[in-house]
Each structure stands twice: as structure tokens, then as C-alpha cells.
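Enquirer: Right, I'll just put the structure down here and ask away after.
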Amino acid sequence: MRFNFWLALLIHGTGLCLVLGWWGARGLAFSLAGPSNQTQFAAAAPTLLPCVSYSPFRLPGINPFNPDSKVTPAQIETDLRVLQAYTRCVRTYGLSQGLDAVPAVAAKLGMRVKLGVWLARDVAQNQAEVDRGIALARQYPGVVDLLVVGNEVLLRRELTAAALGTVLDYARQHSPVPVTYADVWEFWLRNATLARHVDSVTVHILPYWEDHPVAVDAAAFHVLSIAKKMKQTFANQPVWVGETGWPAVGRQRAGAVPGRVEQSRFFAELVRQAGPARLGAGALDYNVIEAFDQPWKRAFEGAMGGYWGLFDQFGQARVAFAGDVVEDASWWRGWLGALAGALLGAAWFARYGIRFGVGGAPAVLAAAMLGAVLPVQWLMSQQWDRTLWEQGQSGLLAVIGAAAVLATLPRQFSKIKRLTRIALLFAAATAALVLLLDSRYRPFPWWWFLAPTVALLAARLSRLESSFHTGFEAARQRSAEELLLAVILAGCAVGIALSEGWRNAQALSYCAVLLVLAGTCGLPTPARWRTKTSAPSSAAGAPSSVV
């Protein structure tokens, strides 16, 4: 049967529209609920947020796990001056690597500090850290107004509740300011007796990271509801929301979608709702996580961990509290890049591909799809790849995908059809299986498999899958390896869809791509679709052309 150009064009065109539409969606404006005009917003901005988590480890090579990386008072002052646009209070998490200079800088700028004392497993180091925090609280009265002794040490299982209580009792006995401990709100409920060891209860409420994630349209209300519940549980003590926020980059969890628009929506709504009418007595006392993006957190929490900042790692504001906001102000560059990649790939193959035996309409369409998806692959690699090893994996996936696309072309690549299909299925099945078993910090990497899936689907439906002579008869049938990998891939796709739930559009879209890929690679070609070949020419002994 002949190549069905219009059907192949429809399939590749649909794939191209999906890629261009993805970029276009990043440029859609969303209007935030906020002050009625910019004058009101400007007047409220310096005290818009009660407090903000501050960590200076935002530049390359600086992270809390490298003891040689020191933060200077000059950098701290630069950072706090940036934060003055939104707040007059910062929360810190430790005192090493130069962070003990924060109170002095804050005093200079007229800001308050909720001073963090970092606790871990080392008892002697914990004691030294607590003593240093107490000394700074005494040295800077009126600046340090709260001593936060320990952060999520129960969640990390580095101290028991009893050992933590002993440390807190010591801190309260010697501290000139109130003492608190900070942890996820569920851990406070599990260890409610800790309340007698602190002056106030500090809880973390992060709707995106909940065991049952909360979508952004209900996230601010969720924070208020949990805060009210904690106030009722610990009725005899003040309750402070020590962390709340939303990631700007990452993978969807149930109905919770990371993004700049969603992050701005969360904060705009939280600022609007967190008032006396919602909690009864007094406005909600809360702290935003966090001031600046922390790239080092990506090593532990995937892309989601590195993009919680009101400002990016270079100090550029990302969160908007009023007006219109878009996911990516430079979305048009990606859109144009995808379109240019498609046109250039198609033009190159149309003009020069014939020299390499890959000319014709199938090559032009396949090259267009490959070129269109490259900008997405580049962007996602920048956001998700954390090491040279992961960058190498991304490069290998791109090569496998391109080879699989080329292998759908007729005649010249028929010898490597099965090998590339096996490689593609193995890569897709491995990625899906890892995601199914350990999904929390992993993406739905549709960008590596969309182009080959579109190409394989077009090849199957336009009846390009054919053998060219008796020697290639086995190429028409799927090998046992292909069938096994296709079954594994399909099973993983169904498992991912079930575990992520029907609200996770990113997961469902990814699973749809995997199921199509499994179907096109794993199912045998129907007999009526197979191209028939005539007998070899008696003169040349060569197979006849495709009919």
C-alpha cells in the first residue's frame, strides 16, 4: 500500500500543535485578586508579608553542606535590602557559615529576626549552636524576637521527642526571648506534649507537599483552616505558621500544579484572606518560604525544591501580588524556537536529506517534529538535570528518540528498526518503572518520548511498516523483547495513572504518550496493512520498489 501523506501530515501536525500550544499556554495572562490599584499595592508592599524565610545559599558553589562556603555581611545586607520590598522580618535556620551576622545587619536596616538554631544528631554541636543563638538574642534585643530551636528534626528523625524536649527546656531557661520549635503540622499533632517545652508552637503548612495535595485555588483556605485547627489544639499558646508557600517549577501532585502563575495566585490569595475575620482574634501570623530560590535543594527534592523563592537566585522578583501574571514572560522565544526548529529541520531534510537516503515526505515530517521538541527538551533539562550524569542521560534519551524517529523512515533504515524500537521501549519502560516506584521528586518526562511516539504512530497508521524482501520478513513481526517491554511500559503507564489520580493532568498526558508508544511498538502489524512485495527482479536480483 502507498504512503498515506495526508494521514501522516495530520498526525505530525497534531504533535507540532501540541508543542506550540504548550509554549503558548506559558504566555497566557492570569489576573490576580489584589489591591484595587497599584498605588494601594505600593503603599502596602513593604509590610505585605509578616515574615520571610531567608537563606543566602542561592549562588553557584554556595550551599549549607559545604563548610568552606562563607556568607559575608555584605551579601546579607544586599539580600535583606531586596527583601525590604515585601517585609520587615526574616526567619533564619542556622548560625554557621556567616549566618550569625544576620541580626547585626537586620539591626542596621531596622528589621526583625526570628533566629534559627539548627539541630541535628551531634549533641555537642547542638549545644554550641543553642548557646550561640542565646548569646545573639541577648546581644540584639529588639531585633531578635524569637528563637527557633530546631527545624523539622522530628520529621528527619534525627532526634527523639524526649531529646528535643531537653534541648528546648535548656533554651527556654537561658533565652531572653520566647523559644519555639518548628515542624510540619502533622508532627506537632503526633508530638503534642512538646508544647509544654516551648513558648509558642511553630507549624509548617505546605499545601503542595501535603499527603493529600491541595490545588492552588483552595490552598490559601487550607492554610487558614489548618492554622485554625492548630490554634484550637494548642489553645493555651500562640501558634505561628513558620512556613507556607508554593513552588514555581516542578511536577504536578494530584490537583497541585507548580508554576509562577500558581505561586503568585497562592500568595495573592493568602495576603487577601489572612485577616482577623478568618481566624477570630487577630490576623494570621505566618512566614513565607522563601526569600530566594535555593538551587542546592534540587539535589534532594527535584526541580520543586529549588524554586520556592519570591525572588530567583539572581535576585529578580518572580512573585506578583496584583495585576496580570504569566508563567513565562519570554514564552515567545520558546514558541519561535519550536517553530523555527520545525521549519529548519523540515527544510534541511527536504533539501539535503536525500543525500543520506532519508529524503521524501516522511523524512520532512519527522524532522519537523524533532526540531519542534528540542527547545522543550532543553528547558526541561535545565530545570531537572542536577549533575553531569543526569545531563548525560538526557542527551542519551534525545539520541535514542532521534534514532527511533529516523528508523520509521522507509527502506534505508529498515535494518535498525527493531534495535531502535527496543532501545526506545527500554528507556521509556525504565523511566516509567522508576517513576512508578519512586515518584515524589521525579518528573513526567513526556518531552523525551513525544517525537518518536508521533513518528511511530504516523508510520503505523500510514502503513509505512513493511518488509522489502524475504530477508526482512521477520522485521514485520514484533520480537519477544519488544512485546515484553511494551507490556511492561503499558502496565507502568496504567499504574502511574492510577497512583497519581484523575486530577493529575500532567500524569495522564504522560501516560497517554506511553500507552500509544507501547501500542505502536508492541503490537504486530495487521496482515492487511503489510506492504506486499513482488518477486525479486530476475535481472538484478533486487527487491522491487514499494507499491
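By order in the C-alpha cells, chains are A, B, ...; within a chain, residues start at 1; ligands start at 1, following the order shown.
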Write out as an MDAnalysis selection string which residues come within 12 Å of Ala340 in chain A when counting only C-alpha atoms, dropping same-chain ones fewer than 2 positions away.

Expert: chainID A and resid 16 20 332:338 342:348 367:375

Enquirer: Would you write out those residues with C-alpha atoms, as a compact mmCIF listing (two decimals), in the first residue's frame?

Expert:
```
# COMPACT_ATOMS: atom_id res chain seq x y z
CA LEU A 16 3.51 20.01 16.39
CA LEU A 20 3.44 25.02 20.10
CA TRP A 332 7.50 33.60 22.72
CA ARG A 333 11.19 32.69 22.44
CA GLY A 334 10.38 29.05 23.04
CA TRP A 335 7.41 29.24 20.69
CA LEU A 336 9.52 30.75 17.93
CA GLY A 337 12.31 28.29 18.70
CA ALA A 338 9.94 25.36 18.29
CA ALA A 342 10.36 22.50 12.84
CA LEU A 343 10.84 24.62 9.72
CA LEU A 344 14.63 24.30 9.66
CA GLY A 345 14.52 20.55 10.23
CA ALA A 346 11.94 20.08 7.51
CA ALA A 347 13.77 22.37 5.08
CA TRP A 348 17.12 20.70 5.68
CA ALA A 367 12.46 16.19 11.06
CA ALA A 368 9.87 18.90 11.72
CA MET A 369 8.68 17.12 14.86
CA LEU A 370 12.22 16.51 16.08
CA GLY A 371 13.14 20.17 15.63
CA ALA A 372 9.98 21.41 17.34
CA VAL A 373 10.51 19.47 20.55
CA LEU A 374 14.18 20.44 21.04
CA PRO A 375 13.50 23.74 22.90
```

Enquirer: I need the residues in range 271-328 of chain A that are strand (DSSP E or B) according to DSSP; give them as number ranges by chain.

Expert: A: 286-288, 292, 311, 317, 323-325

Enquirer: Just the residues within 10 Å of Ala403 in chain A, please, counting only C-alpha atoms, with nothing from its chain fewer than 2 positions along; format it as a short mmCIF file (atom, residue, chain, number, x, y, z; two decimals) with N, CA and C atoms, in the first residue's frame.

Expert:
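Output file part-v3.cif follows:
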```
data_model
loop_
_atom_site.label_atom_id
_atom_site.label_comp_id
_atom_site.auth_asym_id
_atom_site.auth_seq_id
_atom_site.Cartn_x
_atom_site.Cartn_y
_atom_site.Cartn_z
N LEU A 397 18.83 10.03 25.92
CA LEU A 397 17.41 9.90 25.57
C LEU A 397 17.08 10.66 24.29
N ALA A 398 17.70 11.84 24.14
CA ALA A 398 17.48 12.61 22.91
C ALA A 398 17.99 11.85 21.69
N VAL A 399 19.16 11.22 21.82
CA VAL A 399 19.73 10.45 20.71
C VAL A 399 18.87 9.24 20.39
N ILE A 400 18.41 8.52 21.43
CA ILE A 400 17.55 7.35 21.21
C ILE A 400 16.26 7.76 20.52
N GLY A 401 15.68 8.88 20.97
CA GLY A 401 14.45 9.36 20.35
C GLY A 401 14.65 9.71 18.89
N VAL A 405 12.99 7.91 15.58
CA VAL A 405 12.25 8.64 14.55
C VAL A 405 12.80 8.31 13.17
N LEU A 406 14.12 8.33 13.02
CA LEU A 406 14.73 8.03 11.72
C LEU A 406 14.45 6.60 11.30
N ALA A 407 14.35 5.72 12.28
CA ALA A 407 14.11 4.32 11.95
C ALA A 407 12.70 4.05 11.44
N THR A 408 11.82 5.03 11.54
CA THR A 408 10.47 4.85 10.98
C THR A 408 10.45 5.13 9.48
N PHE A 413 16.55 2.60 6.54
CA PHE A 413 16.76 2.33 7.95
C PHE A 413 16.05 1.07 8.43
N ILE A 416 17.66 -1.27 11.16
CA ILE A 416 17.79 -0.90 12.57
C ILE A 416 16.44 -0.61 13.22
N LYS A 417 15.37 -0.90 12.52
CA LYS A 417 14.04 -0.64 13.08
C LYS A 417 13.87 -1.32 14.44
N LEU A 419 16.06 -2.69 16.52
CA LEU A 419 17.00 -2.29 17.57
C LEU A 419 16.61 -0.95 18.19
N THR A 420 16.22 0.00 17.36
CA THR A 420 15.85 1.31 17.90
C THR A 420 14.54 1.24 18.68
N ARG A 421 13.61 0.40 18.22
CA ARG A 421 12.37 0.24 18.97
C ARG A 421 12.65 -0.36 20.35
N ALA A 423 15.48 -0.18 22.04
CA ALA A 423 16.16 0.82 22.86
C ALA A 423 15.18 1.85 23.39
N LEU A 424 14.27 2.30 22.53
CA LEU A 424 13.28 3.30 22.94
C LEU A 424 12.33 2.72 24.00
N PRO A 452 9.30 10.55 19.03
CA PRO A 452 9.30 9.19 18.48
C PRO A 452 7.92 8.52 18.52
#
```

Enquirer: Near range 295-308 of chain A, counting only C-alpha atoms, which residues have an atom at most 9 Å away, once you skip same-chain residues fewer than 3 positions from it, shown as a ChimeraX atom specification?

Expert: /A:57-64,245-251,258,263,289-292,311-313,383-387,440-443

Enquirer: Name the closest residue to Val153 in chain A among the candidates A:Asp183, A:Glu500, A:Glu262, A:Asp324; distances are taken between atoms, counting only C-alpha atoms.

Expert: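 Going through A:Asp183, A:Glu500, A:Glu262, A:Asp324 one by one, the smallest distance to Val153 in chain A is for A:Asp183.
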
Enquirer: Which distance in Å separates CA of Val364 in chain A and CA of Phe449 in chain A, to one decimal?

Expert: 18.7 Å

Enquirer: Quick one: everything within 8 Å of His204 in chain A, counting only C-alpha atoms, minus sequence neighbours fewer than 5 positions away in the same chain. Send it as a PyMOL selection string.

Expert: chain A and resi 182-185+241-244

Enquirer: How about saving the chosen residues, N, CA and C atoms kept, as a PDB file, in the first residue's frame?

Expert:
```pdb
ATOM      1  N   ALA A 182       9.999  24.257  65.282  1.00  0.00           N
ATOM      2  CA  ALA A 182       9.271  24.280  64.013  1.00  0.00           C
ATOM      3  C   ALA A 182       9.244  22.907  63.364  1.00  0.00           C
ATOM      4  N   ASP A 183       8.051  22.478  62.967  1.00  0.00           N
ATOM      5  CA  ASP A 183       7.916  21.210  62.248  1.00  0.00           C
ATOM      6  C   ASP A 183       6.594  21.211  61.493  1.00  0.00           C
ATOM      7  N   VAL A 184       6.451  20.215  60.619  1.00  0.00           N
ATOM      8  CA  VAL A 184       5.217  20.041  59.859  1.00  0.00           C
ATOM      9  C   VAL A 184       4.058  19.851  60.836  1.00  0.00           C
ATOM     10  N   TRP A 185       2.919  20.392  60.487  1.00  0.00           N
ATOM     11  CA  TRP A 185       1.809  20.413  61.441  1.00  0.00           C
ATOM     12  C   TRP A 185       1.380  19.023  61.889  1.00  0.00           C
ATOM     13  N   VAL A 241       2.559  30.134  61.965  1.00  0.00           N
ATOM     14  CA  VAL A 241       2.793  29.357  60.751  1.00  0.00           C
ATOM     15  C   VAL A 241       4.201  29.691  60.266  1.00  0.00           C
ATOM     16  N   GLY A 242       5.138  28.800  60.563  1.00  0.00           N
ATOM     17  CA  GLY A 242       6.546  29.086  60.307  1.00  0.00           C
ATOM     18  C   GLY A 242       6.966  28.933  58.870  1.00  0.00           C
ATOM     19  N   GLU A 243       6.202  28.165  58.078  1.00  0.00           N
ATOM     20  CA  GLU A 243       6.481  28.018  56.651  1.00  0.00           C
ATOM     21  C   GLU A 243       5.183  27.810  55.903  1.00  0.00           C
ATOM     22  N   THR A 244       4.991  28.567  54.856  1.00  0.00           N
ATOM     23  CA  THR A 244       3.954  28.286  53.877  1.00  0.00           C
ATOM     24  C   THR A 244       4.396  28.902  52.561  1.00  0.00           C
TER      25      THR A 244
END
```

Enquirer: With a distance cut-off of 10 Å and only C-alpha atoms, select the neighbouring residues of Trp240 in chain A, excluding the residue or stretch itself and same-chain residues fewer than 4 positions from it, and output the selection as a ChimeraX atom specification.

Expert: /A:180,182,200-204,227,230-231,284-287

Enquirer: If you measure from CA of Asn504 in chain A to CA of Ser439 in chain A, what distance in Å do you get, rounded to one decimal?

Expert: 13.0 Å

Enquirer: Write out as a VMD selection string which residues come within 6 Å of Val117 in chain A when counting only C-alpha atoms, dropping same-chain ones fewer than 2 positions away.

Expert: chain A and resid 93 to 94 148 to 150

Enquirer: One number please: CA of Ser175 in chain A to CA of His197 in chain A, in Å, one decimal.

Expert: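 These two atoms are separated by 13.0 Å.
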
Enquirer: Taking only C-alpha atoms into account, name the residue in A:Ala490, A:Leu436, A:Val288, A:Ala220 that is nearest to Arg272 in chain A.

Expert: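 Using only C-alpha atoms, the shortest distance to Arg272 in chain A belongs to A:Ala220.
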
Enquirer: Measuring atom to atom with only C-alpha atoms, identify which of A:Arg81, A:Arg460, A:His212, A:Arg88 is nearest to Val52 in chain A.

Expert: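 Residue with the minimum atom-to-atom distance to Val52 in chain A: A:Arg88.
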
Enquirer: When DSSP works through the backbone of this structure, what residues of range 202-367 of chain A end up as alpha helix (DSSP H), shown as a ChimeraX atom specification?

Expert: /A:216-233,260-273,276-279,298-305,331-352,361-367
